[in-house]
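Only one structure is covered here, and it is reproduced in the block below.
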Amino acid sequence: MATAVPHDVRRTAAEWEARQQLAACYRVFDLLGWSEMIYNHITVKVPDEEGAFLINPFGLHFSEVTASSLVKIDIDGNTLDDSPYPVNRAGFVQHALFHRHLPDAHCIMHTHTTAGMAVSSLEGGLQPVNFYACNFAGQIAYHDFEGVTVRDEEGARLLENLGSRRAMLLRNHGILVMGRTLPEAFIRHWSLQRACEIQLATLSMGRPLVVSPEVIATHQRDIHQAQAPGGPGAADFAAMVRLVDQRDRSWRD
């Protein structure tokens with residue numbers, strides 16, 4: 001059972017809004033089947049508080065996360081609120097690295113989904129053999145597996161391999177995406193997850209049809225025309241939050 005966390009009256013309205021959005025995202029991930037026991041992480045920067053971000057409490061399942069139970073920490077690992085929960089070092093090290101060095105990485109998501117781990121473990125990685133994979137052609141980074149991410153010295157290689165891209169397959173490990181907003185990161189993760197799922201299904205049936213570079217270029221040029229109003233992922237994420245609310249609204253507390 002989750003430990004009760006008192007509401008901290010020092011939280012600003014902007015922080016509380018960020019907490020609710022992030023808590024909703026954990027519940028959405030669980031609804032979509034992307035939970036991994038008590039592991040994996042989604043983080044967001046705290047608005048107007050330099051170097052601070054929110055992360056899930058280590059020990060709670062994604063389905064248990066609430067706005068008040070999220071832990072506020074700084075990029076050096078110091079807890080900035082009165083949370084009774086610890087933070088998983090394997091999540092802190094990687095997320096703090098990107099929050100520290102990438103100003104546009106407002107939200108960072110890392111998962112161990114079956115499809116994401118499978119494609120990240122496949123020679124050649126993600127291939128342009130379906131609609132969603134074409135979104136990422138030439139825009140996805142790779143990083144070789146070095147063991148559980150608890151060592152600070154791996155950070156330089158992660159940053160170098162990521163470069164200017166904001167989606168990465170951690171080889172033999174899983175999916176890592178980031179965005180300027182949480183909804184943008186969400187739709188990036190959802191699309192990459194779908195690309196991986198469909199690739200697995202396609203390869204299980206035989207030899208895939210590979211999309212040509214010319215068609216990929218046209219696809220990437222025109223894909224923004226299929227985006228709903230409100231910014232990348234905004235309408236998609238809002239729809240998923242409505243589904244979560246139909247099941248359980250406790251994440252709002």
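In the structure tokens, each chain is lettered A, B, ... as it comes, each chain's residues begin at 1, and ligands are numbered from 1 in order of appearance.
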Among segment 83-200 of chain A, which ones does DSSP place in strand (DSSP E), written as a PDB file with N, CA, C and O atoms, in the first residue's frame?
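Writing the result to part_15.pdb gives the following:
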ATOM      1  N   CYS A 107      10.905  16.925 -20.440  1.00  0.00           N
ATOM      2  CA  CYS A 107      10.378  15.632 -20.009  1.00  0.00           C
ATOM      3  C   CYS A 107      11.212  14.513 -20.617  1.00  0.00           C
ATOM      4  O   CYS A 107      11.562  14.563 -21.804  1.00  0.00           O
ATOM      5  N   ILE A 108      11.538  13.515 -19.801  1.00  0.00           N
ATOM      6  CA  ILE A 108      12.347  12.375 -20.245  1.00  0.00           C
ATOM      7  C   ILE A 108      11.627  11.090 -19.856  1.00  0.00           C
ATOM      8  O   ILE A 108      11.135  10.963 -18.731  1.00  0.00           O
ATOM      9  N   MET A 109      11.565  10.139 -20.780  1.00  0.00           N
ATOM     10  CA  MET A 109      10.865   8.878 -20.555  1.00  0.00           C
ATOM     11  C   MET A 109      11.783   7.715 -20.897  1.00  0.00           C
ATOM     12  O   MET A 109      12.425   7.706 -21.957  1.00  0.00           O
ATOM     13  N   HIS A 110      11.842   6.733 -20.003  1.00  0.00           N
ATOM     14  CA  HIS A 110      12.630   5.522 -20.258  1.00  0.00           C
ATOM     15  C   HIS A 110      11.817   4.313 -19.847  1.00  0.00           C
ATOM     16  O   HIS A 110      11.303   4.246 -18.735  1.00  0.00           O
ATOM     17  N   THR A 111      11.690   3.348 -20.768  1.00  0.00           N
ATOM     18  CA  THR A 111      10.913   2.148 -20.493  1.00  0.00           C
ATOM     19  C   THR A 111      11.628   0.891 -20.963  1.00  0.00           C
ATOM     20  O   THR A 111      12.538   0.939 -21.797  1.00  0.00           O
ATOM     21  N   ALA A 141      18.866   7.789 -32.229  1.00  0.00           N
ATOM     22  CA  ALA A 141      20.228   7.540 -31.788  1.00  0.00           C
ATOM     23  C   ALA A 141      20.321   6.153 -31.151  1.00  0.00           C
ATOM     24  O   ALA A 141      19.301   5.559 -30.775  1.00  0.00           O
ATOM     25  N   TYR A 142      21.549   5.661 -31.008  1.00  0.00           N
ATOM     26  CA  TYR A 142      21.795   4.361 -30.384  1.00  0.00           C
ATOM     27  C   TYR A 142      22.942   4.490 -29.390  1.00  0.00           C
ATOM     28  O   TYR A 142      23.881   5.260 -29.604  1.00  0.00           O
ATOM     29  N   HIS A 143      22.848   3.728 -28.324  1.00  0.00           N
ATOM     30  CA  HIS A 143      23.904   3.710 -27.311  1.00  0.00           C
ATOM     31  C   HIS A 143      24.112   2.267 -26.875  1.00  0.00           C
ATOM     32  O   HIS A 143      23.157   1.578 -26.509  1.00  0.00           O
ATOM     33  N   ALA A 167      15.379  10.953 -29.515  1.00  0.00           N
ATOM     34  CA  ALA A 167      14.872   9.587 -29.337  1.00  0.00           C
ATOM     35  C   ALA A 167      16.068   8.655 -29.478  1.00  0.00           C
ATOM     36  O   ALA A 167      16.902   8.832 -30.376  1.00  0.00           O
ATOM     37  N   MET A 168      16.158   7.689 -28.578  1.00  0.00           N
ATOM     38  CA  MET A 168      17.312   6.792 -28.566  1.00  0.00           C
ATOM     39  C   MET A 168      16.857   5.376 -28.222  1.00  0.00           C
ATOM     40  O   MET A 168      15.967   5.191 -27.385  1.00  0.00           O
ATOM     41  N   LEU A 169      17.445   4.409 -28.892  1.00  0.00           N
ATOM     42  CA  LEU A 169      17.319   3.023 -28.465  1.00  0.00           C
ATOM     43  C   LEU A 169      18.604   2.663 -27.723  1.00  0.00           C
ATOM     44  O   LEU A 169      19.692   2.712 -28.293  1.00  0.00           O
ATOM     45  N   LEU A 170      18.442   2.363 -26.452  1.00  0.00           N
ATOM     46  CA  LEU A 170      19.563   1.891 -25.646  1.00  0.00           C
ATOM     47  C   LEU A 170      19.725   0.410 -25.954  1.00  0.00           C
ATOM     48  O   LEU A 170      18.862  -0.404 -25.612  1.00  0.00           O
ATOM     49  N   GLY A 174      16.375  -0.732 -23.992  1.00  0.00           N
ATOM     50  CA  GLY A 174      15.033  -0.206 -24.116  1.00  0.00           C
ATOM     51  C   GLY A 174      14.961   1.160 -24.772  1.00  0.00           C
ATOM     52  O   GLY A 174      15.892   1.607 -25.442  1.00  0.00           O
ATOM     53  N   ILE A 175      13.834   1.836 -24.528  1.00  0.00           N
ATOM     54  CA  ILE A 175      13.509   3.107 -25.180  1.00  0.00           C
ATOM     55  C   ILE A 175      13.858   4.276 -24.281  1.00  0.00           C
ATOM     56  O   ILE A 175      13.614   4.247 -23.077  1.00  0.00           O
ATOM     57  N   LEU A 176      14.411   5.339 -24.877  1.00  0.00           N
ATOM     58  CA  LEU A 176      14.644   6.606 -24.188  1.00  0.00           C
ATOM     59  C   LEU A 176      14.201   7.722 -25.124  1.00  0.00           C
ATOM     60  O   LEU A 176      14.665   7.797 -26.265  1.00  0.00           O
ATOM     61  N   VAL A 177      13.275   8.559 -24.659  1.00  0.00           N
ATOM     62  CA  VAL A 177      12.842   9.711 -25.455  1.00  0.00           C
ATOM     63  C   VAL A 177      12.752  10.925 -24.550  1.00  0.00           C
ATOM     64  O   VAL A 177      12.656  10.810 -23.324  1.00  0.00           O
ATOM     65  N   MET A 178      12.762  12.088 -25.149  1.00  0.00           N
ATOM     66  CA  MET A 178      12.584  13.333 -24.395  1.00  0.00           C
ATOM     67  C   MET A 178      11.850  14.338 -25.267  1.00  0.00           C
ATOM     68  O   MET A 178      11.754  14.187 -26.488  1.00  0.00           O
ATOM     69  N   GLY A 179      11.294  15.363 -24.619  1.00  0.00           N
ATOM     70  CA  GLY A 179      10.544  16.361 -25.352  1.00  0.00           C
ATOM     71  C   GLY A 179      10.535  17.695 -24.645  1.00  0.00           C
ATOM     72  O   GLY A 179      10.828  17.783 -23.443  1.00  0.00           O
TER      73      GLY A 179
END
Counting only C-alpha atoms, which residues of segment 85-187 of chain A fall within 8 Å of segment 213-229 of chain A, and what is the closest atom pair for each with its distance in Å at one decimal, ordered by chain and rising number, as JSON lines?
{"residue": "A:Cys134", "atom": "CA", "partner": "A:Ile216", "partner_atom": "CA", "distance": 5.7}
{"residue": "A:Asn135", "atom": "CA", "partner": "A:Gln220", "partner_atom": "CA", "distance": 6.1}
{"residue": "A:Ala137", "atom": "CA", "partner": "A:Ile216", "partner_atom": "CA", "distance": 7.3}
With C-alpha atoms retained, could you export that selection as an mmCIF file, in the first residue's frame?
data_model
loop_
_atom_site.group_PDB
_atom_site.id
_atom_site.type_symbol
_atom_site.label_atom_id
_atom_site.label_comp_id
_atom_site.auth_asym_id
_atom_site.auth_seq_id
_atom_site.Cartn_x
_atom_site.Cartn_y
_atom_site.Cartn_z
ATOM 1 C CA CYS A 134 9.481 6.164 -41.112
ATOM 2 C CA ASN A 135 8.932 8.960 -38.569
ATOM 3 C CA ALA A 137 14.416 7.228 -39.997
#
Query raised in the report: Among segment 45-210 of chain A, which ones does DSSP place in alpha helix (DSSP H), written as an MDAnalysis selection string?
Result: chainID A and resid 89:101 114:120 131:136 155:162 182:205
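What separates atom CA of Ile38 of chain A from atom CA of Ser69 of chain A is a distance of 13.9 Å.
The residue set within 9 Å of Asn172 of chain A, counting only C-alpha atoms and dropping same-chain residues fewer than 2 places from it, reads Met117, Ala118, Val119, Ser120, Ser121, Leu122, Asp144, Phe145, Leu169, Leu170 and Gly174 of chain A.
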Report as a Markdown table: every residue of segment 13-32 of chain A with an atom at most 9 Å from segment 230-240 of chain A, its closest pair of atoms, and their distance in Å to one decimal, counting only C-alpha atoms, with rows sorted by chain and ascending residue number.
| residue | atom | partner | partner_atom | distance |
| --- | --- | --- | --- | --- |
| A:Ala24 | CA | A:Met240 | CA | 9.0 |
| A:Cys25 | CA | A:Phe237 | CA | 8.2 |
| A:Val28 | CA | A:Met240 | CA | 6.3 |
| A:Leu31 | CA | A:Met240 | CA | 8.8 |
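Interatomic distance, atom CA of Gly138 of chain A to atom CA of Ala195 of chain A: 14.1 Å.
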**Report entry** Shell of 9 Å around Lys45 of chain A, only C-alpha atoms, local chain residues under 2 positions omitted, as a PyMOL selection string
**Finding:** chain A and resi 18+43+47-54+99+105-107
Counting only C-alpha atoms, which residues in segment 145-203 of chain A sit no more than 7 Å from segment 92-98 of chain A? For each one, give the nearest pair of atoms and the distance in Å, sorted by chain then residue number, as a tab-separated table.
residue	atom	partner	partner_atom	distance
A:Thr149	CA	A:Gln94	CA	6.7
A:Val150	CA	A:Val93	CA	6.0
A:Asp152	CA	A:Val93	CA	6.5
A:Gly155	CA	A:Leu97	CA	6.5
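The gap separating atom CA of Ile187 of chain A from atom CA of Pro208 of chain A is 25.0 Å, in Å to one decimal.
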Report task. Just the residues within 10 Å of Asn130 of chain A, please, counting only C-alpha atoms, with nothing from its chain fewer than 5 positions along; format it as an MDAnalysis selection string. Result -> chainID A and resid 135 194:196 198:199 202 208:211
